[in-house]
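What follows is the content of protein_6.pdb (PDB, C-alpha atoms and all ligand atoms).
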```
ATOM      1  CA  MET A   1      70.249 140.816  60.137
ATOM      2  CA  ALA A   2      66.548 141.703  60.605
ATOM      3  CA  LEU A   3      64.614 142.358  57.411
ATOM      4  CA  ARG A   4      65.007 145.956  56.344
ATOM      5  CA  GLN A   5      62.679 147.728  53.941
ATOM      6  CA  ILE A   6      64.062 150.564  51.826
ATOM      7  CA  SER A   7      61.867 152.589  49.479
ATOM      8  CA  SER A   8      64.151 155.260  48.090
ATOM      9  CA  ALA A   9      66.730 154.564  45.373
ATOM     10  CA  ALA A  10      69.245 156.941  46.956
ATOM     11  CA  GLU A  11      68.946 155.216  50.337
ATOM     12  CA  MET A  12      69.240 151.795  48.697
ATOM     13  CA  GLN A  13      72.413 152.813  46.868
ATOM     14  CA  ALA A  14      73.899 154.244  50.055
ATOM     15  CA  ALA A  15      73.074 151.021  51.944
ATOM     16  CA  VAL A  16      74.740 148.722  49.383
ATOM     17  CA  MET A  17      77.720 151.034  49.093
ATOM     18  CA  GLU A  18      78.227 150.767  52.851
ATOM     19  CA  LEU A  19      77.731 146.963  52.800
ATOM     20  CA  ARG A  20      80.239 146.591  49.953
ATOM     21  CA  ARG A  21      82.744 148.854  51.683
ATOM     22  CA  LYS A  22      82.594 146.468  54.645
ATOM     23  CA  GLY A  23      83.436 143.567  52.321
ATOM     24  CA  ASN A  24      79.979 142.027  51.866
ATOM     25  CA  THR A  25      78.922 140.438  48.594
ATOM     26  CA  ILE A  26      75.384 141.193  47.402
ATOM     27  CA  ALA A  27      72.790 139.092  45.571
ATOM     28  CA  CYS A  28      69.739 140.731  44.043
ATOM     29  CA  VAL A  29      66.382 139.102  43.216
ATOM     30  CA  PRO A  30      64.178 141.423  41.129
ATOM     31  CA  THR A  31      60.426 140.715  41.393
ATOM     32  CA  MET A  32      57.062 142.361  40.903
ATOM     33  CA  GLY A  33      55.861 141.067  44.262
ATOM     34  CA  TYR A  34      52.817 138.984  45.161
ATOM     35  CA  LEU A  35      55.455 136.436  46.040
ATOM     36  CA  HIS A  36      55.088 132.678  45.745
ATOM     37  CA  ASP A  37      57.455 129.778  46.245
ATOM     38  CA  GLY A  38      59.016 130.335  42.795
ATOM     39  CA  HIS A  39      60.213 133.743  43.977
ATOM     40  CA  ALA A  40      61.228 132.242  47.331
ATOM     41  CA  SER A  41      63.369 129.606  45.569
ATOM     42  CA  LEU A  42      65.250 132.435  43.812
ATOM     43  CA  MET A  43      65.758 134.130  47.194
ATOM     44  CA  ARG A  44      66.947 130.910  48.836
ATOM     45  CA  HIS A  45      69.382 130.418  45.964
ATOM     46  CA  ALA A  46      70.573 134.023  46.342
ATOM     47  CA  LYS A  47      71.240 133.362  50.024
ATOM     48  CA  THR A  48      73.707 130.611  49.081
ATOM     49  CA  SER A  49      75.601 132.869  46.684
ATOM     50  CA  ALA A  50      76.237 136.105  48.599
ATOM     51  CA  ASP A  51      76.464 137.598  52.083
ATOM     52  CA  VAL A  52      73.482 139.928  51.711
ATOM     53  CA  VAL A  53      70.291 139.306  49.718
ATOM     54  CA  VAL A  54      68.342 142.245  48.336
ATOM     55  CA  ALA A  55      64.900 141.451  46.890
ATOM     56  CA  THR A  56      63.239 144.160  44.869
ATOM     57  CA  ILE A  57      59.460 144.480  44.676
ATOM     58  CA  PHE A  58      58.314 146.833  41.956
ATOM     59  CA  VAL A  59      55.373 146.466  39.593
ATOM     60  CA  ASN A  60      57.092 148.158  36.691
ATOM     61  CA  PRO A  61      54.588 150.171  34.651
ATOM     62  CA  LYS A  62      56.986 150.341  31.675
ATOM     63  CA  GLN A  63      56.792 146.612  30.978
ATOM     64  CA  PHE A  64      52.988 146.507  30.700
ATOM     65  CA  GLY A  65      51.235 147.316  27.439
ATOM     66  CA  PRO A  66      48.281 149.742  27.395
ATOM     67  CA  ASN A  67      45.735 146.879  27.417
ATOM     68  CA  GLU A  68      47.555 144.739  29.959
ATOM     69  CA  ASP A  69      46.944 144.142  33.661
ATOM     70  CA  PHE A  70      49.171 146.785  35.313
ATOM     71  CA  THR A  71      46.442 148.292  37.505
ATOM     72  CA  ARG A  72      44.912 144.984  38.541
ATOM     73  CA  TYR A  73      48.243 143.147  38.976
ATOM     74  CA  PRO A  74      47.981 141.563  42.464
ATOM     75  CA  ARG A  75      49.805 143.293  45.292
ATOM     76  CA  ASP A  76      50.211 142.364  48.999
ATOM     77  CA  LEU A  77      53.295 143.930  50.553
ATOM     78  CA  GLU A  78      52.734 142.672  54.113
ATOM     79  CA  ARG A  79      52.517 139.074  52.946
ATOM     80  CA  ASP A  80      55.515 139.573  50.627
ATOM     81  CA  LEU A  81      57.677 140.843  53.484
ATOM     82  CA  GLY A  82      56.935 137.672  55.484
ATOM     83  CA  ILE A  83      57.781 135.392  52.538
ATOM     84  CA  ALA A  84      60.967 137.326  51.766
ATOM     85  CA  GLU A  85      62.139 137.211  55.379
ATOM     86  CA  ALA A  86      61.446 133.463  55.647
ATOM     87  CA  ALA A  87      63.476 132.916  52.437
ATOM     88  CA  GLY A  88      66.503 134.677  53.928
ATOM     89  CA  VAL A  89      66.185 138.124  52.361
ATOM     90  CA  ASP A  90      68.004 140.894  54.233
ATOM     91  CA  ILE A  91      66.729 143.984  52.429
ATOM     92  CA  VAL A  92      63.519 144.497  50.471
ATOM     93  CA  PHE A  93      63.685 147.408  48.049
ATOM     94  CA  THR A  94      60.206 148.785  47.365
ATOM     95  CA  PRO A  95      60.494 151.909  45.235
ATOM     96  CA  SER A  96      57.465 153.796  43.951
ATOM     97  CA  PRO A  97      56.999 154.464  40.219
ATOM     98  CA  ALA A  98      57.730 158.144  40.957
ATOM     99  CA  ASP A  99      61.030 157.159  42.551
ATOM    100  CA  MET A 100      62.062 155.023  39.580
ATOM    101  CA  TYR A 101      60.709 157.354  36.896
ATOM    102  CA  PRO A 102      60.655 160.904  38.305
ATOM    103  CA  PRO A 103      59.481 163.855  36.203
ATOM    104  CA  GLY A 104      61.898 164.365  33.319
ATOM    105  CA  TYR A 105      62.858 160.690  33.172
ATOM    106  CA  SER A 106      63.817 160.004  29.525
ATOM    107  CA  THR A 107      66.032 156.925  29.232
ATOM    108  CA  SER A 108      65.082 153.573  27.767
ATOM    109  CA  VAL A 109      67.237 150.486  27.247
ATOM    110  CA  SER A 110      66.313 148.630  24.075
ATOM    111  CA  ILE A 111      67.695 145.248  23.063
ATOM    112  CA  SER A 112      67.317 144.022  19.492
ATOM    113  CA  GLY A 113      67.469 140.544  17.995
ATOM    114  CA  ILE A 114      66.541 138.253  20.867
ATOM    115  CA  THR A 115      63.422 140.391  21.475
ATOM    116  CA  ASP A 116      62.105 140.079  17.895
ATOM    117  CA  THR A 117      60.023 136.954  18.505
ATOM    118  CA  PHE A 118      57.670 135.377  21.061
ATOM    119  CA  GLU A 119      56.973 137.743  24.005
ATOM    120  CA  GLY A 120      58.828 140.567  22.274
ATOM    121  CA  ALA A 121      56.685 140.277  19.143
ATOM    122  CA  LEU A 122      53.393 139.894  21.029
ATOM    123  CA  ARG A 123      54.018 142.504  23.722
ATOM    124  CA  PRO A 124      55.550 145.527  21.954
ATOM    125  CA  GLY A 125      57.727 147.531  24.330
ATOM    126  CA  HIS A 126      57.637 144.852  27.023
ATOM    127  CA  PHE A 127      61.330 143.980  26.888
ATOM    128  CA  ASP A 128      62.367 147.650  26.667
ATOM    129  CA  GLY A 129      60.524 148.052  29.964
ATOM    130  CA  VAL A 130      62.176 144.951  31.426
ATOM    131  CA  ALA A 131      65.689 145.885  30.249
ATOM    132  CA  THR A 132      65.282 149.455  31.484
ATOM    133  CA  VAL A 133      64.068 148.494  34.946
ATOM    134  CA  VAL A 134      66.589 145.679  35.371
ATOM    135  CA  ALA A 135      69.441 147.995  34.311
ATOM    136  CA  LYS A 136      68.251 150.520  36.907
ATOM    137  CA  LEU A 137      67.789 147.895  39.631
ATOM    138  CA  LEU A 138      71.282 146.488  39.003
ATOM    139  CA  LEU A 139      72.800 149.967  39.158
ATOM    140  CA  ILE A 140      70.890 150.749  42.341
ATOM    141  CA  THR A 141      71.656 147.477  44.158
ATOM    142  CA  MET A 142      75.128 146.825  42.619
ATOM    143  CA  PRO A 143      74.905 143.056  43.105
ATOM    144  CA  ASP A 144      77.635 140.495  42.528
ATOM    145  CA  VAL A 145      74.893 138.048  41.522
ATOM    146  CA  ALA A 146      71.360 138.587  40.206
ATOM    147  CA  VAL A 147      68.933 135.676  40.240
ATOM    148  CA  PHE A 148      66.163 135.145  37.676
ATOM    149  CA  GLY A 149      63.679 132.355  36.977
ATOM    150  CA  GLN A 150      63.708 130.003  34.001
ATOM    151  CA  LYS A 151      59.926 130.545  33.960
ATOM    152  CA  ASP A 152      60.599 133.674  31.860
ATOM    153  CA  TRP A 153      63.141 132.059  29.523
ATOM    154  CA  GLN A 154      63.273 134.796  26.880
ATOM    155  CA  GLN A 155      63.653 137.375  29.660
ATOM    156  CA  THR A 156      66.748 135.542  30.947
ATOM    157  CA  LEU A 157      68.281 135.783  27.446
ATOM    158  CA  VAL A 158      67.430 139.495  27.288
ATOM    159  CA  ILE A 159      69.051 140.085  30.677
ATOM    160  CA  ARG A 160      72.170 138.112  29.780
ATOM    161  CA  ARG A 161      72.443 140.277  26.641
ATOM    162  CA  LEU A 162      71.921 143.471  28.697
ATOM    163  CA  VAL A 163      74.595 142.549  31.231
ATOM    164  CA  ALA A 164      77.108 141.520  28.529
ATOM    165  CA  ASP A 165      76.471 144.506  26.255
ATOM    166  CA  LEU A 166      76.580 147.167  28.982
ATOM    167  CA  ASN A 167      79.558 145.627  30.832
ATOM    168  CA  ILE A 168      77.531 145.252  34.009
ATOM    169  CA  PHE A 169      79.741 143.291  36.411
ATOM    170  CA  THR A 170      76.850 141.259  37.880
ATOM    171  CA  GLU A 171      76.748 137.493  37.308
ATOM    172  CA  VAL A 172      73.345 136.334  36.044
ATOM    173  CA  VAL A 173      72.037 133.102  37.569
ATOM    174  CA  VAL A 174      68.934 131.277  36.323
ATOM    175  CA  VAL A 175      66.964 129.002  38.659
ATOM    176  CA  PRO A 176      64.542 126.248  37.476
ATOM    177  CA  THR A 177      60.790 126.835  37.439
ATOM    178  CA  ARG A 178      58.851 125.907  40.606
ATOM    179  CA  ARG A 179      55.601 124.130  39.921
ATOM    180  CA  GLU A 180      52.384 123.286  41.736
ATOM    181  CA  PRO A 181      51.918 119.548  42.444
ATOM    182  CA  ASP A 182      49.917 119.153  39.196
ATOM    183  CA  GLY A 183      52.689 120.767  37.130
ATOM    184  CA  LEU A 184      51.295 124.292  36.709
ATOM    185  CA  ALA A 185      54.172 126.782  36.882
ATOM    186  CA  MET A 186      53.780 129.044  39.906
ATOM    187  CA  SER A 187      52.867 132.576  38.874
ATOM    188  CA  SER A 188      51.442 135.656  40.567
ATOM    189  CA  ARG A 189      48.865 135.690  37.762
ATOM    190  CA  ASN A 190      47.480 132.241  38.702
ATOM    191  CA  VAL A 191      45.135 134.007  41.173
ATOM    192  CA  TYR A 192      43.206 135.324  38.171
ATOM    193  CA  LEU A 193      42.115 131.781  37.241
ATOM    194  CA  SER A 194      38.644 130.516  38.163
ATOM    195  CA  PRO A 195      38.619 126.997  39.704
ATOM    196  CA  GLU A 196      37.636 125.550  36.292
ATOM    197  CA  GLN A 197      40.379 127.474  34.482
ATOM    198  CA  ARG A 198      42.877 126.509  37.177
ATOM    199  CA  ALA A 199      42.080 122.830  36.573
ATOM    200  CA  LEU A 200      42.565 123.244  32.809
ATOM    201  CA  ALA A 201      45.770 125.241  33.200
ATOM    202  CA  THR A 202      47.733 122.089  33.997
ATOM    203  CA  SER A 203      47.419 121.336  30.255
ATOM    204  CA  LEU A 204      50.362 123.672  29.614
ATOM    205  CA  TRP A 205      52.580 121.342  31.618
ATOM    206  CA  LYS A 206      51.086 118.337  29.841
ATOM    207  CA  ALA A 207      51.798 119.990  26.481
ATOM    208  CA  LEU A 208      55.437 120.585  27.441
ATOM    209  CA  GLN A 209      55.680 116.948  28.459
ATOM    210  CA  ALA A 210      54.210 115.899  25.100
ATOM    211  CA  GLY A 211      56.900 117.955  23.357
ATOM    212  CA  GLU A 212      59.573 116.385  25.539
ATOM    213  CA  GLN A 213      58.241 112.901  24.801
ATOM    214  CA  ALA A 214      58.251 113.570  21.068
ATOM    215  CA  ILE A 215      61.911 114.590  21.299
ATOM    216  CA  ALA A 216      62.773 111.621  23.526
ATOM    217  CA  GLY A 217      61.125 109.405  20.893
ATOM    218  CA  GLY A 218      63.554 110.674  18.263
ATOM    219  CA  GLU A 219      61.564 113.571  16.764
ATOM    220  CA  CYS A 220      63.764 116.487  15.736
ATOM    221  CA  ARG A 221      61.491 118.172  13.163
ATOM    222  CA  ARG A 222      60.286 121.408  14.697
ATOM    223  CA  ALA A 223      56.790 121.305  13.175
ATOM    224  CA  ALA A 224      56.126 117.817  14.558
ATOM    225  CA  ILE A 225      57.312 118.794  18.044
ATOM    226  CA  GLU A 226      55.115 121.908  17.964
ATOM    227  CA  LEU A 227      52.107 119.910  16.748
ATOM    228  CA  ALA A 228      52.481 117.486  19.652
ATOM    229  CA  MET A 229      52.238 120.418  22.094
ATOM    230  CA  GLN A 230      49.431 122.209  20.237
ATOM    231  CA  GLU A 231      47.274 119.077  20.166
ATOM    232  CA  VAL A 232      47.411 118.743  23.944
ATOM    233  CA  ILE A 233      46.286 122.347  24.422
ATOM    234  CA  ARG A 234      43.533 122.163  21.803
ATOM    235  CA  SER A 235      42.107 118.871  23.069
ATOM    236  CA  ASN A 236      42.167 119.904  26.748
ATOM    237  CA  ILE A 237      41.206 123.596  26.486
ATOM    238  CA  PRO A 238      39.221 123.921  23.237
ATOM    239  CA  ASP A 239      38.539 127.642  23.705
ATOM    240  CA  ALA A 240      42.091 128.585  24.713
ATOM    241  CA  VAL A 241      43.885 131.093  22.508
ATOM    242  CA  VAL A 242      47.362 129.766  21.781
ATOM    243  CA  ASP A 243      49.664 132.757  21.231
ATOM    244  CA  TYR A 244      52.450 130.300  20.510
ATOM    245  CA  ALA A 245      53.360 126.681  21.182
ATOM    246  CA  SER A 246      56.809 126.559  19.659
ATOM    247  CA  ALA A 247      60.245 125.040  19.811
ATOM    248  CA  ALA A 248      63.457 127.016  19.365
ATOM    249  CA  GLU A 249      67.191 126.818  19.940
ATOM    250  CA  ALA A 250      67.470 127.558  23.655
ATOM    251  CA  ASP A 251      70.245 130.154  23.508
ATOM    252  CA  THR A 252      69.310 132.079  20.364
ATOM    253  CA  LEU A 253      65.566 131.360  19.908
ATOM    254  CA  HIS A 254      66.331 130.556  16.263
ATOM    255  CA  GLN A 255      63.808 128.183  14.743
ATOM    256  CA  PRO A 256      65.366 125.724  12.262
ATOM    257  CA  GLU A 257      63.164 123.187  10.503
ATOM    258  CA  GLU A 258      65.115 120.433  12.245
ATOM    259  CA  PHE A 259      67.111 120.544  15.450
ATOM    260  CA  ALA A 260      70.616 119.105  15.426
ATOM    261  CA  VAL A 261      71.655 116.217  17.651
ATOM    262  CA  GLY A 262      72.968 117.347  21.038
ATOM    263  CA  HIS A 263      71.431 120.827  20.795
ATOM    264  CA  THR A 264      69.339 122.194  23.652
ATOM    265  CA  VAL A 265      65.844 123.158  22.601
ATOM    266  CA  VAL A 266      63.432 125.341  24.525
ATOM    267  CA  LEU A 267      59.749 124.458  24.252
ATOM    268  CA  LEU A 268      57.810 127.697  24.668
ATOM    269  CA  LEU A 269      54.117 128.197  25.410
ATOM    270  CA  ALA A 270      51.928 131.266  25.773
ATOM    271  CA  VAL A 271      48.257 130.422  26.149
ATOM    272  CA  ARG A 272      45.312 132.598  27.046
ATOM    273  CA  VAL A 273      42.833 130.841  29.323
ATOM    274  CA  GLY A 274      39.897 133.232  29.509
ATOM    275  CA  ALA A 275      41.389 136.658  30.215
ATOM    276  CA  THR A 276      44.527 135.204  31.795
ATOM    277  CA  ARG A 277      47.679 134.790  29.774
ATOM    278  CA  LEU A 278      49.939 131.980  30.985
ATOM    279  CA  ILE A 279      53.486 131.280  29.821
ATOM    280  CA  ASP A 280      55.687 128.269  30.452
ATOM    281  CA  ASN A 281      58.703 126.538  28.944
ATOM    282  CA  ALA A 282      60.935 123.494  29.194
ATOM    283  CA  LEU A 283      64.532 122.837  28.157
ATOM    284  CA  VAL A 284      65.171 119.572  26.338
ATOM    285  CA  GLN A 285      68.289 118.165  24.726
ATOM    286  CA  ILE A 286      68.017 116.450  21.345
ATOM    287  CA  PRO A 287      69.351 112.962  22.097
ATOM    288  CA  GLN A 288      72.523 111.630  20.458
TER     289      GLN A 288
HETATM  290  P1  LIG B   1      57.838 138.329  38.493
HETATM  291  O1  LIG B   1      57.534 138.790  39.874
HETATM  292  O2  LIG B   1      56.752 137.495  37.895
HETATM  293  O3  LIG B   1      58.345 139.428  37.598
HETATM  294  O4  LIG B   1      59.050 137.324  38.637
HETATM  295  C1  LIG B   1      60.226 137.685  39.309
HETATM  296  C2  LIG B   1      61.269 136.617  39.086
HETATM  297  O5  LIG B   1      60.770 135.376  39.575
HETATM  298  C3  LIG B   1      61.590 136.411  37.600
HETATM  299  O6  LIG B   1      62.986 136.163  37.468
HETATM  300  C4  LIG B   1      60.777 135.183  37.269
HETATM  301  O7  LIG B   1      61.294 134.445  36.186
HETATM  302  C5  LIG B   1      60.864 134.413  38.559
HETATM  303  N1  LIG B   1      59.778 133.438  38.665
HETATM  304  C6  LIG B   1      58.452 133.665  38.450
HETATM  305  N2  LIG B   1      57.758 132.526  38.593
HETATM  306  C7  LIG B   1      58.660 131.549  38.879
HETATM  307  C8  LIG B   1      58.580 130.144  39.139
HETATM  308  N3  LIG B   1      57.407 129.495  39.102
HETATM  309  N4  LIG B   1      59.709 129.472  39.405
HETATM  310  C9  LIG B   1      60.914 130.114  39.436
HETATM  311  N5  LIG B   1      61.059 131.438  39.218
HETATM  312  C10 LIG B   1      59.957 132.138  38.935
END
```
Taking this structure as input, can you express it in the form of structure tokens?
Amino acid sequence: MALRQISSAAEMQAAVMELRRKGNTIACVPTMGYLHDGHASLMRHAKTSADVVVATIFVNPKQFGPNEDFTRYPRDLERDLGIAEAAGVDIVFTPSPADMYPPGYSTSVSISGITDTFEGALRPGHFDGVATVVAKLLLITMPDVAVFGQKDWQQTLVIRRLVADLNIFTEVVVVPTRREPDGLAMSSRNVYLSPEQRALATSLWKALQAGEQAIAGGECRRAAIELAMQEVIRSNIPDAVVDYASAAEADTLHQPEEFAVGHTVVLLLAVRVGATRLIDNALVQIPQ
């Protein structure tokens, strides 16, 4: 099937309805475009889990705060179409903001609890925007499977909550983070980094490794694990602003003083390098 681009929600819904009627299963990969190999790995995974892969490219204004980078967020549709096609995508859905949020649009999906901390606390309204757009994209593309990246760990928890709470029949799949050779997590926002900042940005990966090593060495006190990560950031990027360098229970984001043996912990980082805000995370099990 040659790559097909659809820009209207109504046409997209009609296309998936027809595909489903013919017995095809659908996988959806929601993105904001400016695709890199992290996105492509989600698309390749989607290709193994359904007959037809729909990738969505939509820079969702509702998930950006008033002082965030919505207008300067990088965009390159032509390049994206090539990457999507090479990764096995069949349909690229590219709605406009006016198509997603026409005049009179009034609905917002808001998820409590899991959104109280980390990105949810620092970016008010962000997860309402994410939950709203993902709910819409899942209703428009009606996928059997939707694929998301571990890179945005809290977002995956929000989406799992959304799908469970609203009885959406889609299965949520989470794919590991793709990294550059020096460990930096691939991100559309990495283009904002100057060469000097780009070199320093690998410290996030080093900090996650320091947290992992602390845990592997028997540390289960949260403060000590967090200190190990914070020290790596502070010593490598002295003028970085650390929004958080924290450890939490992976599934709930609860933060006990000590993690229990056998539990899976997520190490979470959000660091501002100059004007660029980078996030990363790692999953680690507390050894027996
Ligand atoms: P975005 O375009 O940044 O909204 O990301 C779209 C999807 O790609 C989300 O599910 C992200 O978690 C995922 N993603 C972003 N970066 C990576 C990466 N480096 N590795 C794997 N998935 C990623």
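Around Ile111 in chain A, within 9 Å and counting all atoms listed in the file, the residues found are Phe127, Asp128, Ala131, Val158, Arg161 and Leu162 of chain A, once anything fewer than 6 positions away on its own chain is removed.
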Practice task
Please evaluate the PyMOL selection byres (((chain A and resi 80) around 12) and not hetatm) against the structure above and give the resulting residues as a PyMOL selection string.
Solution key: chain A and resi 3+5+31-37+39-40+55-58+74-79+81-87+89+92-94+188
Exercise for the section: Point out the residue among A:Leu208, A:Glu68, A:Leu42, A:Asn236 with the least atom-to-atom distance to Leu122 in chain A, counting all atoms listed in the file. Expected result: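 Among the listed residues, the smallest separation from Leu122 in chain A belongs to A:Glu68.
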Practice task
All residues within 10 Å of ligand LIG 1 (chain B) are required, counting only C-alpha atoms and all ligand atoms; please report them as number ranges by chain.
Solution key: A: 29-43, 55-60, 63, 130, 146-156, 159, 173-180, 184-189, 279-280
Output of the PyMOL selection byres (((chain A and resi 136-143) around 10) and not hetatm), listed as a PDB file with C-alpha atoms, in the coordinates of the input:
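Saved to result-v2.pdb:
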```pdb
ATOM      1  CA  SER A   8      64.151 155.260  48.090  1.00  0.00           C
ATOM      2  CA  ALA A   9      66.730 154.564  45.373  1.00  0.00           C
ATOM      3  CA  ALA A  10      69.245 156.941  46.956  1.00  0.00           C
ATOM      4  CA  GLU A  11      68.946 155.216  50.337  1.00  0.00           C
ATOM      5  CA  MET A  12      69.240 151.795  48.697  1.00  0.00           C
ATOM      6  CA  GLN A  13      72.413 152.813  46.868  1.00  0.00           C
ATOM      7  CA  ALA A  14      73.899 154.244  50.055  1.00  0.00           C
ATOM      8  CA  ALA A  15      73.074 151.021  51.944  1.00  0.00           C
ATOM      9  CA  VAL A  16      74.740 148.722  49.383  1.00  0.00           C
ATOM     10  CA  MET A  17      77.720 151.034  49.093  1.00  0.00           C
ATOM     11  CA  ARG A  20      80.239 146.591  49.953  1.00  0.00           C
ATOM     12  CA  THR A  25      78.922 140.438  48.594  1.00  0.00           C
ATOM     13  CA  ILE A  26      75.384 141.193  47.402  1.00  0.00           C
ATOM     14  CA  ALA A  27      72.790 139.092  45.571  1.00  0.00           C
ATOM     15  CA  CYS A  28      69.739 140.731  44.043  1.00  0.00           C
ATOM     16  CA  VAL A  29      66.382 139.102  43.216  1.00  0.00           C
ATOM     17  CA  PRO A  30      64.178 141.423  41.129  1.00  0.00           C
ATOM     18  CA  ALA A  50      76.237 136.105  48.599  1.00  0.00           C
ATOM     19  CA  VAL A  52      73.482 139.928  51.711  1.00  0.00           C
ATOM     20  CA  VAL A  53      70.291 139.306  49.718  1.00  0.00           C
ATOM     21  CA  VAL A  54      68.342 142.245  48.336  1.00  0.00           C
ATOM     22  CA  ALA A  55      64.900 141.451  46.890  1.00  0.00           C
ATOM     23  CA  THR A  56      63.239 144.160  44.869  1.00  0.00           C
ATOM     24  CA  PHE A  58      58.314 146.833  41.956  1.00  0.00           C
ATOM     25  CA  PHE A  93      63.685 147.408  48.049  1.00  0.00           C
ATOM     26  CA  MET A 100      62.062 155.023  39.580  1.00  0.00           C
ATOM     27  CA  VAL A 109      67.237 150.486  27.247  1.00  0.00           C
ATOM     28  CA  VAL A 130      62.176 144.951  31.426  1.00  0.00           C
ATOM     29  CA  ALA A 131      65.689 145.885  30.249  1.00  0.00           C
ATOM     30  CA  THR A 132      65.282 149.455  31.484  1.00  0.00           C
ATOM     31  CA  VAL A 133      64.068 148.494  34.946  1.00  0.00           C
ATOM     32  CA  VAL A 134      66.589 145.679  35.371  1.00  0.00           C
ATOM     33  CA  ALA A 135      69.441 147.995  34.311  1.00  0.00           C
ATOM     34  CA  ASP A 144      77.635 140.495  42.528  1.00  0.00           C
ATOM     35  CA  VAL A 145      74.893 138.048  41.522  1.00  0.00           C
ATOM     36  CA  ALA A 146      71.360 138.587  40.206  1.00  0.00           C
ATOM     37  CA  VAL A 147      68.933 135.676  40.240  1.00  0.00           C
ATOM     38  CA  VAL A 163      74.595 142.549  31.231  1.00  0.00           C
ATOM     39  CA  ILE A 168      77.531 145.252  34.009  1.00  0.00           C
ATOM     40  CA  PHE A 169      79.741 143.291  36.411  1.00  0.00           C
ATOM     41  CA  THR A 170      76.850 141.259  37.880  1.00  0.00           C
ATOM     42  CA  GLU A 171      76.748 137.493  37.308  1.00  0.00           C
ATOM     43  CA  VAL A 172      73.345 136.334  36.044  1.00  0.00           C
TER      44      VAL A 172
END
```
Problem - Within 12 Å of Arg198 in chain A using only C-alpha atoms, minus same-chain residues under 3 positions, as JSON, numbers by chain - result: {"A": [180, 182, 183, 184, 185, 186, 187, 189, 190, 191, 192, 193, 194, 195, 201, 202, 203, 204, 237, 273, 274, 276, 278]}
Practice task
Would you mind reading off the distance between CA of Asp251 in chain A and CA of Thr48 in chain A, one decimal, in Å?
Solution key: 25.8 Å
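Going from CA of Leu227 in chain A to CA of Ser112 in chain A covers 28.6 Å.
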Problem - Atom pair CA of Asp116 in chain A / CA of His254 in chain A: separation (Å) - result: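 According to the coordinates, CA of Asp116 in chain A and CA of His254 in chain A are separated by 10.5 Å.
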Exercise for the section: I would like the residues chosen by the PyMOL selection byres (((chain A and resi 125) around 10) and not hetatm) on the shown file; could you give them as a PyMOL selection string? Expected result: chain A and resi 62-65+110+115+119-124+126-130
Exercise for the section: Compare A:Pro97, A:Gly104, A:Pro287, A:Pro256 by their minimum atom-to-atom distance to Gly217 in chain A, counting all atoms listed in the file, and give me the closest one. Expected result: A:Pro287
Handout entry: Exercise: Gln255 in chain A partners within 10 Å, all atoms listed in the file, chain neighbours under 4 positions left out, as a PyMOL selection string
Key = chain A and resi 222-223+246-250+259+265
